[in-house]
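Note sheet for the following structure.
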Amino acid sequence: MQETGNDTARQPRMTLRISNHSMAFAMADSLAVKGVAFEPYTAKSGISTAANLREALRSSALLGRECARAQVLIDAPTLLVPIEEYDEATADAFYRYTLVTPATNVVMSSVVPTLNSVALFGVNRDLRQVIDDRYADVRYMPVEQPVWSYLHRRSFSDTCHRLYAYFHDERVSVFAFDKNRFRYCNAFDVNHVNDCVYFILYVWRQLQLDADRDELYLAGNLPERDELVGLLRRYLRKCYTVNPAAEFNRAPITEIKGMALDMVTLFLKGR
C-alpha cells in the first residue's frame, strides 16, 4: 500500500494489541464516545494468531477503516539490552541464545529511550507478514513498553525504592528502576494468586528491598485482587494498586471496558 503524501502522515495510527490469548484494536476517533474507537476480538482456538488476524481484517469494522499506519503491541518474551551495547548485527543471535524462541519468529527491536535500553522480542513471521501487507508504516513494541516508560517517569517522586508488578495475559512482569536504567526486569507465568505472591516476594528479596520503607505497586489485570493485596500486605507495609482513572485524572479512555492498561497508557502517555 502506498502512502499519499501529508494526508497519510496526519492519519492516526491503528493500534493492534496481540497476544496468544486475545487481540484488541483501537484508534483515536473524535466521534467515538470516549475519543477512542475500541474493539476486542475473540480469537478462535485451533488456528494460528496470523490466521486469526487475517479473519479479523476481513470481519472487523474498525480494521476495515482506511488507514496506512499502525502500531502493534506484542505480548512476547522480552530481552532488554543497554543501548550502548546494542548491535543490530548480533541482536538476533543474542536473543535466540538467551531465550527459547521458535525458528519461525523474527527477532525485532524497540528502543526505550527514557531507560537507555533496547527491547528485543520475537514476532511470528506469518503474523508480521499479515500486518505488513495491510499497513505501509508499522511500529512494533512489547506490550509492557508504555507501562515501563510511564512508571519510570512516575518513579522520580520519592526517595524510596519501588518495585512494580504489571499483570497481563496470564503473566506478571516485575521490574524496578535505578535512575535512567532498569535495575531489574523479568516476567513470570502465573496460574494462581500464590504464584504471584511467591515471584514478587522472591524479586523483593533478591533486590534486598526494605519491607517497611520501600514500596510495591501492582498494576493491570490483578487476579483475585483483594486476596493478592491482602497476602502481600502480610509481608510488605507499603503495597499499593495503580488505579488508571485516578492515575490519569479520570481521562475518558480509562472508562473503556476491556482495554488493557498498556493500551490506555500508550494513547495517553506514548511509548
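Here, A, B, ... name the chains of the C-alpha cells in the order displayed, residue numbers run from 1 inside each chain, and ligands are numbered from 1 in the same displayed order.
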Could you list, as a short mmCIF file (atom, residue, chain, number, x, y, z; two decimals) with C-alpha atoms, in the first residue's frame, every residue within 9 Å of Thr104 in chain A, counting only C-alpha atoms and ignoring same-chain residues fewer than 3 positions away?
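For reference, selection.cif as written:
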data_model
loop_
_atom_site.label_atom_id
_atom_site.label_comp_id
_atom_site.auth_asym_id
_atom_site.auth_seq_id
_atom_site.Cartn_x
_atom_site.Cartn_y
_atom_site.Cartn_z
CA THR A 101 12.03 -18.80 20.61
CA VAL A 123 7.20 -11.89 16.34
CA ASN A 124 5.84 -14.79 14.33
CA ARG A 125 6.95 -14.36 10.72
CA ASP A 126 3.50 -15.08 9.26
#
* **Residue list (helix (DSSP H, G or I), DSSP) for range 97-265 of chain A, as a VMD selection string** => chain A and resid 97 to 98 113 to 115 125 to 134 145 to 157 193 to 206 225 to 232 244 to 247 252 to 255 261 to 265
What does the file look like for those residues with C-alpha atoms, as a short mmCIF file (atom, residue, chain, number, x, y, z; two decimals), in the first residue's frame?
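Once written, out_23.cif looks like this:
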data_model
loop_
_atom_site.label_atom_id
_atom_site.label_comp_id
_atom_site.auth_asym_id
_atom_site.auth_seq_id
_atom_site.Cartn_x
_atom_site.Cartn_y
_atom_site.Cartn_z
CA TYR A 97 20.95 -17.62 22.65
CA THR A 98 19.31 -16.09 25.74
CA PRO A 113 14.89 5.91 25.21
CA THR A 114 13.97 7.04 28.72
CA LEU A 115 15.59 3.90 30.11
CA ARG A 125 6.95 -14.36 10.72
CA ASP A 126 3.50 -15.08 9.26
CA LEU A 127 1.85 -12.67 11.70
CA ARG A 128 4.28 -9.94 10.78
CA GLN A 129 3.65 -10.56 7.09
CA VAL A 130 -0.10 -10.19 7.57
CA ILE A 131 0.41 -6.86 9.36
CA ASP A 132 3.00 -5.52 6.94
CA ASP A 133 0.82 -6.45 3.96
CA ARG A 134 -2.04 -4.41 5.42
CA GLN A 145 6.82 -0.74 26.94
CA PRO A 146 4.26 2.05 27.53
CA VAL A 147 3.87 0.89 31.14
CA TRP A 148 7.65 0.77 31.69
CA SER A 149 8.09 4.29 30.34
CA TYR A 150 5.21 5.81 32.27
CA LEU A 151 6.00 4.18 35.62
CA HIS A 152 9.65 5.11 35.21
CA ARG A 153 8.69 8.80 34.90
CA ARG A 154 6.39 8.35 37.89
CA SER A 155 9.16 6.78 39.99
CA PHE A 156 11.08 10.04 40.48
CA SER A 157 8.57 11.42 43.01
CA VAL A 193 -2.53 -15.90 43.32
CA ASN A 194 0.04 -17.78 45.43
CA ASP A 195 2.36 -17.93 42.41
CA CYS A 196 2.09 -14.14 42.07
CA VAL A 197 2.98 -13.59 45.72
CA TYR A 198 5.90 -16.02 45.51
CA PHE A 199 7.51 -14.41 42.46
CA ILE A 200 7.03 -10.85 43.69
CA LEU A 201 8.49 -11.57 47.13
CA TYR A 202 11.32 -13.54 45.52
CA VAL A 203 12.32 -10.48 43.48
CA TRP A 204 11.82 -8.20 46.51
CA ARG A 205 14.28 -10.31 48.49
CA GLN A 206 16.70 -10.59 45.57
CA ARG A 225 -7.26 -8.55 43.73
CA ASP A 226 -8.34 -8.49 47.38
CA GLU A 227 -6.68 -11.79 48.22
CA LEU A 228 -3.48 -10.83 46.38
CA VAL A 229 -3.15 -7.45 48.09
CA GLY A 230 -4.02 -8.97 51.48
CA LEU A 231 -1.34 -11.64 51.18
CA LEU A 232 1.33 -9.17 50.09
CA PRO A 244 -5.99 4.08 35.87
CA ALA A 245 -8.87 6.52 36.41
CA ALA A 246 -7.12 8.20 39.33
CA GLU A 247 -3.71 7.89 37.71
CA PRO A 252 -12.50 9.15 29.38
CA ILE A 253 -10.38 6.39 27.82
CA THR A 254 -9.92 4.81 31.27
CA GLU A 255 -13.65 4.03 31.26
CA LEU A 261 -3.55 -0.69 30.84
CA ASP A 262 -0.74 -0.78 28.26
CA MET A 263 -3.14 0.40 25.51
CA VAL A 264 -4.57 3.11 27.75
CA THR A 265 -1.07 4.30 28.65
#
Strand (DSSP E or B) positions in range 24-55 of chain A, given as a PDB file with all heavy atoms, in the first residue's frame:
ATOM      1  N   ALA A  24      -6.951  -7.112  20.418  1.00  0.00           N
ATOM      2  CA  ALA A  24      -7.798  -5.935  20.562  1.00  0.00           C
ATOM      3  C   ALA A  24      -7.269  -4.856  19.638  1.00  0.00           C
ATOM      4  O   ALA A  24      -6.061  -4.794  19.370  1.00  0.00           O
ATOM      5  CB  ALA A  24      -7.828  -5.444  22.009  1.00  0.00           C
ATOM      6  N   PHE A  25      -8.176  -4.001  19.155  1.00  0.00           N
ATOM      7  CA  PHE A  25      -7.809  -2.959  18.204  1.00  0.00           C
ATOM      8  C   PHE A  25      -8.370  -1.623  18.687  1.00  0.00           C
ATOM      9  O   PHE A  25      -9.442  -1.572  19.292  1.00  0.00           O
ATOM     10  CB  PHE A  25      -8.365  -3.291  16.820  1.00  0.00           C
ATOM     11  CG  PHE A  25      -8.228  -4.741  16.457  1.00  0.00           C
ATOM     12  CD1 PHE A  25      -9.354  -5.523  16.200  1.00  0.00           C
ATOM     13  CD2 PHE A  25      -6.986  -5.346  16.403  1.00  0.00           C
ATOM     14  CE1 PHE A  25      -9.250  -6.870  15.886  1.00  0.00           C
ATOM     15  CE2 PHE A  25      -6.855  -6.695  16.089  1.00  0.00           C
ATOM     16  CZ  PHE A  25      -7.991  -7.449  15.830  1.00  0.00           C
ATOM     17  N   ALA A  26      -7.657  -0.546  18.430  1.00  0.00           N
ATOM     18  CA  ALA A  26      -8.118   0.776  18.868  1.00  0.00           C
ATOM     19  C   ALA A  26      -7.548   1.839  17.942  1.00  0.00           C
ATOM     20  O   ALA A  26      -6.487   1.653  17.320  1.00  0.00           O
ATOM     21  CB  ALA A  26      -7.703   1.049  20.314  1.00  0.00           C
ATOM     22  N   MET A  27      -8.260   2.971  17.898  1.00  0.00           N
ATOM     23  CA  MET A  27      -7.831   4.080  17.042  1.00  0.00           C
ATOM     24  C   MET A  27      -8.440   5.372  17.581  1.00  0.00           C
ATOM     25  O   MET A  27      -9.608   5.392  17.989  1.00  0.00           O
ATOM     26  CB  MET A  27      -8.301   3.841  15.603  1.00  0.00           C
ATOM     27  CG  MET A  27      -7.780   4.813  14.589  1.00  0.00           C
ATOM     28  SD  MET A  27      -8.383   4.363  12.921  1.00  0.00           S
ATOM     29  CE  MET A  27      -7.364   5.431  11.911  1.00  0.00           C
ATOM     30  N   ALA A  28      -7.644   6.419  17.626  1.00  0.00           N
ATOM     31  CA  ALA A  28      -8.174   7.717  18.044  1.00  0.00           C
ATOM     32  C   ALA A  28      -9.300   8.128  17.097  1.00  0.00           C
ATOM     33  O   ALA A  28      -9.164   8.035  15.873  1.00  0.00           O
ATOM     34  CB  ALA A  28      -7.058   8.763  18.037  1.00  0.00           C
ATOM     35  N   VAL A  36     -11.862   7.371  21.618  1.00  0.00           N
ATOM     36  CA  VAL A  36     -11.090   6.266  21.043  1.00  0.00           C
ATOM     37  C   VAL A  36     -12.063   5.169  20.639  1.00  0.00           C
ATOM     38  O   VAL A  36     -12.904   4.738  21.443  1.00  0.00           O
ATOM     39  CB  VAL A  36     -10.056   5.700  22.041  1.00  0.00           C
ATOM     40  CG1 VAL A  36      -9.374   4.461  21.481  1.00  0.00           C
ATOM     41  CG2 VAL A  36      -9.011   6.749  22.406  1.00  0.00           C
ATOM     42  N   ALA A  37     -11.970   4.721  19.398  1.00  0.00           N
ATOM     43  CA  ALA A  37     -12.752   3.565  18.946  1.00  0.00           C
ATOM     44  C   ALA A  37     -11.995   2.310  19.365  1.00  0.00           C
ATOM     45  O   ALA A  37     -10.818   2.164  19.050  1.00  0.00           O
ATOM     46  CB  ALA A  37     -12.926   3.609  17.434  1.00  0.00           C
ATOM     47  N   PHE A  38     -12.666   1.420  20.089  1.00  0.00           N
ATOM     48  CA  PHE A  38     -12.016   0.231  20.647  1.00  0.00           C
ATOM     49  C   PHE A  38     -12.827  -1.004  20.301  1.00  0.00           C
ATOM     50  O   PHE A  38     -14.059  -0.988  20.375  1.00  0.00           O
ATOM     51  CB  PHE A  38     -11.896   0.354  22.163  1.00  0.00           C
ATOM     52  CG  PHE A  38     -11.364  -0.890  22.834  1.00  0.00           C
ATOM     53  CD1 PHE A  38     -10.043  -1.275  22.692  1.00  0.00           C
ATOM     54  CD2 PHE A  38     -12.212  -1.680  23.624  1.00  0.00           C
ATOM     55  CE1 PHE A  38      -9.563  -2.428  23.309  1.00  0.00           C
ATOM     56  CE2 PHE A  38     -11.739  -2.833  24.243  1.00  0.00           C
ATOM     57  CZ  PHE A  38     -10.409  -3.196  24.093  1.00  0.00           C
ATOM     58  N   GLU A  39     -12.129  -2.073  19.930  1.00  0.00           N
ATOM     59  CA  GLU A  39     -12.815  -3.311  19.555  1.00  0.00           C
ATOM     60  C   GLU A  39     -11.991  -4.521  19.998  1.00  0.00           C
ATOM     61  O   GLU A  39     -10.929  -4.783  19.439  1.00  0.00           O
ATOM     62  CB  GLU A  39     -13.015  -3.355  18.042  1.00  0.00           C
ATOM     63  CG  GLU A  39     -13.805  -4.563  17.562  1.00  0.00           C
ATOM     64  CD  GLU A  39     -13.984  -4.551  16.047  1.00  0.00           C
ATOM     65  OE1 GLU A  39     -14.294  -3.478  15.487  1.00  0.00           O
ATOM     66  OE2 GLU A  39     -13.803  -5.618  15.427  1.00  0.00           O
ATOM     67  N   PRO A  40     -12.472  -5.234  21.014  1.00  0.00           N
ATOM     68  CA  PRO A  40     -11.812  -6.510  21.358  1.00  0.00           C
ATOM     69  C   PRO A  40     -12.203  -7.565  20.333  1.00  0.00           C
ATOM     70  O   PRO A  40     -13.253  -7.456  19.695  1.00  0.00           O
ATOM     71  CB  PRO A  40     -12.375  -6.839  22.744  1.00  0.00           C
ATOM     72  CG  PRO A  40     -13.700  -6.153  22.773  1.00  0.00           C
ATOM     73  CD  PRO A  40     -13.600  -4.932  21.900  1.00  0.00           C
ATOM     74  N   TYR A  41     -11.353  -8.552  20.162  1.00  0.00           N
ATOM     75  CA  TYR A  41     -11.631  -9.591  19.170  1.00  0.00           C
ATOM     76  C   TYR A  41     -11.452 -10.957  19.817  1.00  0.00           C
ATOM     77  O   TYR A  41     -10.416 -11.238  20.435  1.00  0.00           O
ATOM     78  CB  TYR A  41     -10.692  -9.461  17.974  1.00  0.00           C
ATOM     79  CG  TYR A  41     -10.960 -10.463  16.879  1.00  0.00           C
ATOM     80  CD1 TYR A  41     -11.974 -10.256  15.955  1.00  0.00           C
ATOM     81  CD2 TYR A  41     -10.205 -11.627  16.775  1.00  0.00           C
ATOM     82  CE1 TYR A  41     -12.234 -11.184  14.957  1.00  0.00           C
ATOM     83  CE2 TYR A  41     -10.449 -12.558  15.775  1.00  0.00           C
ATOM     84  CZ  TYR A  41     -11.462 -12.329  14.867  1.00  0.00           C
ATOM     85  OH  TYR A  41     -11.719 -13.249  13.876  1.00  0.00           O
TER      86      TYR A  41
END
* Looking at A:Leu163, A:Leu268, A:Val33, A:Ala50, which one is nearest to Ala176 in chain A, with distances taken over only C-alpha atoms? -> A:Leu163
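Excluding Arg181 in chain A and any residue on its chain fewer than 4 positions from it, the residues at most 8 Å away by only C-alpha atoms are A:Leu115, A:Asn116, A:Ser117, A:Phe177.
Across the model, the gap from CA of Arg171 in chain A to CA of Leu218 in chain A is 12.8 Å.
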* Asked: Which polymer residues have any atom within 12 Å of an atom of His21 in chain A, counting only C-alpha atoms, with same-chain residues fewer than 5 positions away left out, as a PyMOL selection string?
  -> chain A and resi 40-49+52+74-76+168-171
Selection file, C-alpha atoms, as a tab-separated table (two decimals), in the first residue's frame:
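Contents of again-v4.tsv, as written:
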chain	number	residue	atom	x	y	z
A	40	PRO	CA	-11.81	-6.51	21.36
A	41	TYR	CA	-11.63	-9.59	19.17
A	42	THR	CA	-12.38	-13.14	20.26
A	43	ALA	CA	-9.67	-15.32	18.77
A	44	LYS	CA	-10.61	-18.79	17.54
A	45	SER	CA	-8.83	-21.71	19.14
A	46	GLY	CA	-7.10	-24.24	16.94
A	47	ILE	CA	-5.77	-21.77	14.38
A	48	SER	CA	-2.69	-19.58	14.42
A	49	THR	CA	-2.56	-15.98	15.57
A	52	ASN	CA	-6.98	-15.12	13.46
A	74	ILE	CA	3.14	-7.72	21.01
A	75	ASP	CA	2.96	-9.98	24.06
A	76	ALA	CA	6.22	-11.93	23.85
A	168	HIS	CA	-1.34	-9.07	31.84
A	169	ASP	CA	-2.02	-12.08	29.62
A	170	GLU	CA	-1.70	-14.68	32.41
A	171	ARG	CA	1.72	-13.47	33.48
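Between CA of Met108 in chain A and CA of Arg17 in chain A the interatomic distance comes to 15.9 Å.
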* Asked: At what distance in Å, to one decimal, does CA of Lys179 in chain A lie from CA of Leu73 in chain A?
  ->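 Value for the CA of Leu73 in chain A-CA of Lys179 in chain A distance: 25.6 Å.
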* **Counting only C-alpha atoms, the option among A:Leu79, A:Val143, A:Ile18, A:Ala89 closest to Leu266 in chain A** =>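 Counting only C-alpha atoms, the residue closest to Leu266 in chain A is A:Val143.
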With only C-alpha atoms as the counted atoms, please give the residues lying no more than 7 Å from range 237-243 of chain A, apart from itself and same-chain residues fewer than 4 positions off, as an mmCIF file with all heavy atoms, in the first residue's frame.
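Final output, saved to part37.cif:
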data_model
loop_
_atom_site.group_PDB
_atom_site.id
_atom_site.type_symbol
_atom_site.label_atom_id
_atom_site.label_comp_id
_atom_site.auth_asym_id
_atom_site.auth_seq_id
_atom_site.Cartn_x
_atom_site.Cartn_y
_atom_site.Cartn_z
ATOM 1 N N ALA A 211 11.183 -3.957 53.751
ATOM 2 C CA ALA A 211 9.768 -4.275 53.873
ATOM 3 C C ALA A 211 8.971 -3.173 54.548
ATOM 4 O O ALA A 211 7.742 -3.120 54.399
ATOM 5 C CB ALA A 211 9.585 -5.581 54.645
ATOM 6 N N ASP A 212 9.620 -2.293 55.295
ATOM 7 C CA ASP A 212 8.924 -1.200 55.974
ATOM 8 C C ASP A 212 8.963 0.106 55.197
ATOM 9 O O ASP A 212 8.008 0.884 55.236
ATOM 10 C CB ASP A 212 9.530 -0.971 57.369
ATOM 11 C CG ASP A 212 9.244 -2.121 58.312
ATOM 12 O OD1 ASP A 212 8.102 -2.600 58.304
ATOM 13 O OD2 ASP A 212 10.168 -2.546 59.032
ATOM 14 N N ASP A 214 10.335 0.627 51.641
ATOM 15 C CA ASP A 214 10.202 0.618 50.185
ATOM 16 C C ASP A 214 8.771 0.263 49.769
ATOM 17 O O ASP A 214 7.967 -0.205 50.580
ATOM 18 C CB ASP A 214 11.214 -0.339 49.570
ATOM 19 C CG ASP A 214 12.652 0.144 49.788
ATOM 20 O OD1 ASP A 214 12.855 1.376 49.821
ATOM 21 O OD2 ASP A 214 13.548 -0.705 49.949
ATOM 22 N N GLU A 215 8.459 0.483 48.487
ATOM 23 C CA GLU A 215 7.072 0.412 48.028
ATOM 24 C C GLU A 215 6.899 -0.583 46.884
ATOM 25 O O GLU A 215 7.778 -0.716 46.017
ATOM 26 C CB GLU A 215 6.600 1.794 47.559
ATOM 27 C CG GLU A 215 6.645 2.857 48.652
ATOM 28 C CD GLU A 215 6.297 4.246 48.152
ATOM 29 O OE1 GLU A 215 6.240 4.442 46.909
ATOM 30 O OE2 GLU A 215 6.084 5.135 48.997
ATOM 31 N N LEU A 216 5.751 -1.256 46.894
ATOM 32 C CA LEU A 216 5.360 -2.161 45.816
ATOM 33 C C LEU A 216 4.096 -1.613 45.169
ATOM 34 O O LEU A 216 3.140 -1.256 45.857
ATOM 35 C CB LEU A 216 5.082 -3.564 46.368
ATOM 36 C CG LEU A 216 4.449 -4.559 45.378
ATOM 37 C CD1 LEU A 216 5.413 -4.893 44.250
ATOM 38 C CD2 LEU A 216 4.021 -5.839 46.119
ATOM 39 N N TYR A 217 4.092 -1.544 43.824
ATOM 40 C CA TYR A 217 2.922 -1.086 43.076
ATOM 41 C C TYR A 217 2.453 -2.207 42.155
ATOM 42 O O TYR A 217 3.246 -2.774 41.398
ATOM 43 C CB TYR A 217 3.261 0.165 42.261
ATOM 44 C CG TYR A 217 3.401 1.396 43.112
ATOM 45 C CD1 TYR A 217 4.606 1.693 43.733
ATOM 46 C CD2 TYR A 217 2.320 2.251 43.326
ATOM 47 C CE1 TYR A 217 4.737 2.816 44.546
ATOM 48 C CE2 TYR A 217 2.438 3.379 44.126
ATOM 49 C CZ TYR A 217 3.644 3.651 44.732
ATOM 50 O OH TYR A 217 3.764 4.758 45.537
ATOM 51 N N LEU A 218 1.165 -2.506 42.234
ATOM 52 C CA LEU A 218 0.546 -3.541 41.410
ATOM 53 C C LEU A 218 -0.332 -2.870 40.370
ATOM 54 O O LEU A 218 -1.151 -2.004 40.695
ATOM 55 C CB LEU A 218 -0.305 -4.464 42.277
ATOM 56 C CG LEU A 218 0.351 -5.041 43.537
ATOM 57 C CD1 LEU A 218 -0.668 -5.833 44.341
ATOM 58 C CD2 LEU A 218 1.542 -5.919 43.163
ATOM 59 N N ALA A 219 -0.178 -3.271 39.118
ATOM 60 C CA ALA A 219 -0.924 -2.633 38.029
ATOM 61 C C ALA A 219 -1.456 -3.694 37.085
ATOM 62 O O ALA A 219 -0.961 -4.824 37.030
ATOM 63 C CB ALA A 219 -0.018 -1.662 37.275
ATOM 64 N N ARG A 233 0.407 -7.702 51.782
ATOM 65 C CA ARG A 233 0.496 -6.774 52.917
ATOM 66 C C ARG A 233 0.829 -7.480 54.227
ATOM 67 O O ARG A 233 1.103 -6.822 55.232
ATOM 68 C CB ARG A 233 -0.803 -5.974 53.036
ATOM 69 C CG ARG A 233 -0.894 -4.878 51.982
ATOM 70 C CD ARG A 233 -2.181 -4.089 52.057
ATOM 71 N NE ARG A 233 -2.170 -2.999 51.076
ATOM 72 C CZ ARG A 233 -3.247 -2.312 50.715
ATOM 73 N NH1 ARG A 233 -4.442 -2.603 51.245
ATOM 74 N NH2 ARG A 233 -3.151 -1.340 49.825
ATOM 75 N N GLU A 247 -5.056 7.645 38.214
ATOM 76 C CA GLU A 247 -3.706 7.892 37.710
ATOM 77 C C GLU A 247 -3.725 8.893 36.565
ATOM 78 O O GLU A 247 -2.839 9.752 36.456
ATOM 79 C CB GLU A 247 -3.103 6.571 37.230
ATOM 80 C CG GLU A 247 -1.613 6.590 37.040
ATOM 81 C CD GLU A 247 -0.841 6.641 38.342
ATOM 82 O OE1 GLU A 247 -1.354 6.198 39.382
ATOM 83 O OE2 GLU A 247 0.295 7.140 38.305
#
* **Nearest to Phe94 in chain A, chosen from A:Arg13, A:Pro82, A:Val107, A:Met259, with only C-alpha atoms counted in the distances** => A:Val107
Tell me, as an mmCIF file with C-alpha atoms, in the first residue's frame, which residues lie within 8 Å of Gln11 in chain A, counting only C-alpha atoms; anything in the same chain fewer than 6 positions away does not count.
data_model
loop_
_atom_site.group_PDB
_atom_site.id
_atom_site.type_symbol
_atom_site.label_atom_id
_atom_site.label_comp_id
_atom_site.auth_asym_id
_atom_site.auth_seq_id
_atom_site.Cartn_x
_atom_site.Cartn_y
_atom_site.Cartn_z
ATOM 1 C CA CYS A 67 -5.536 3.501 7.373
ATOM 2 C CA ALA A 68 -1.923 3.124 6.275
ATOM 3 C CA ARG A 69 -0.196 3.395 9.655
#
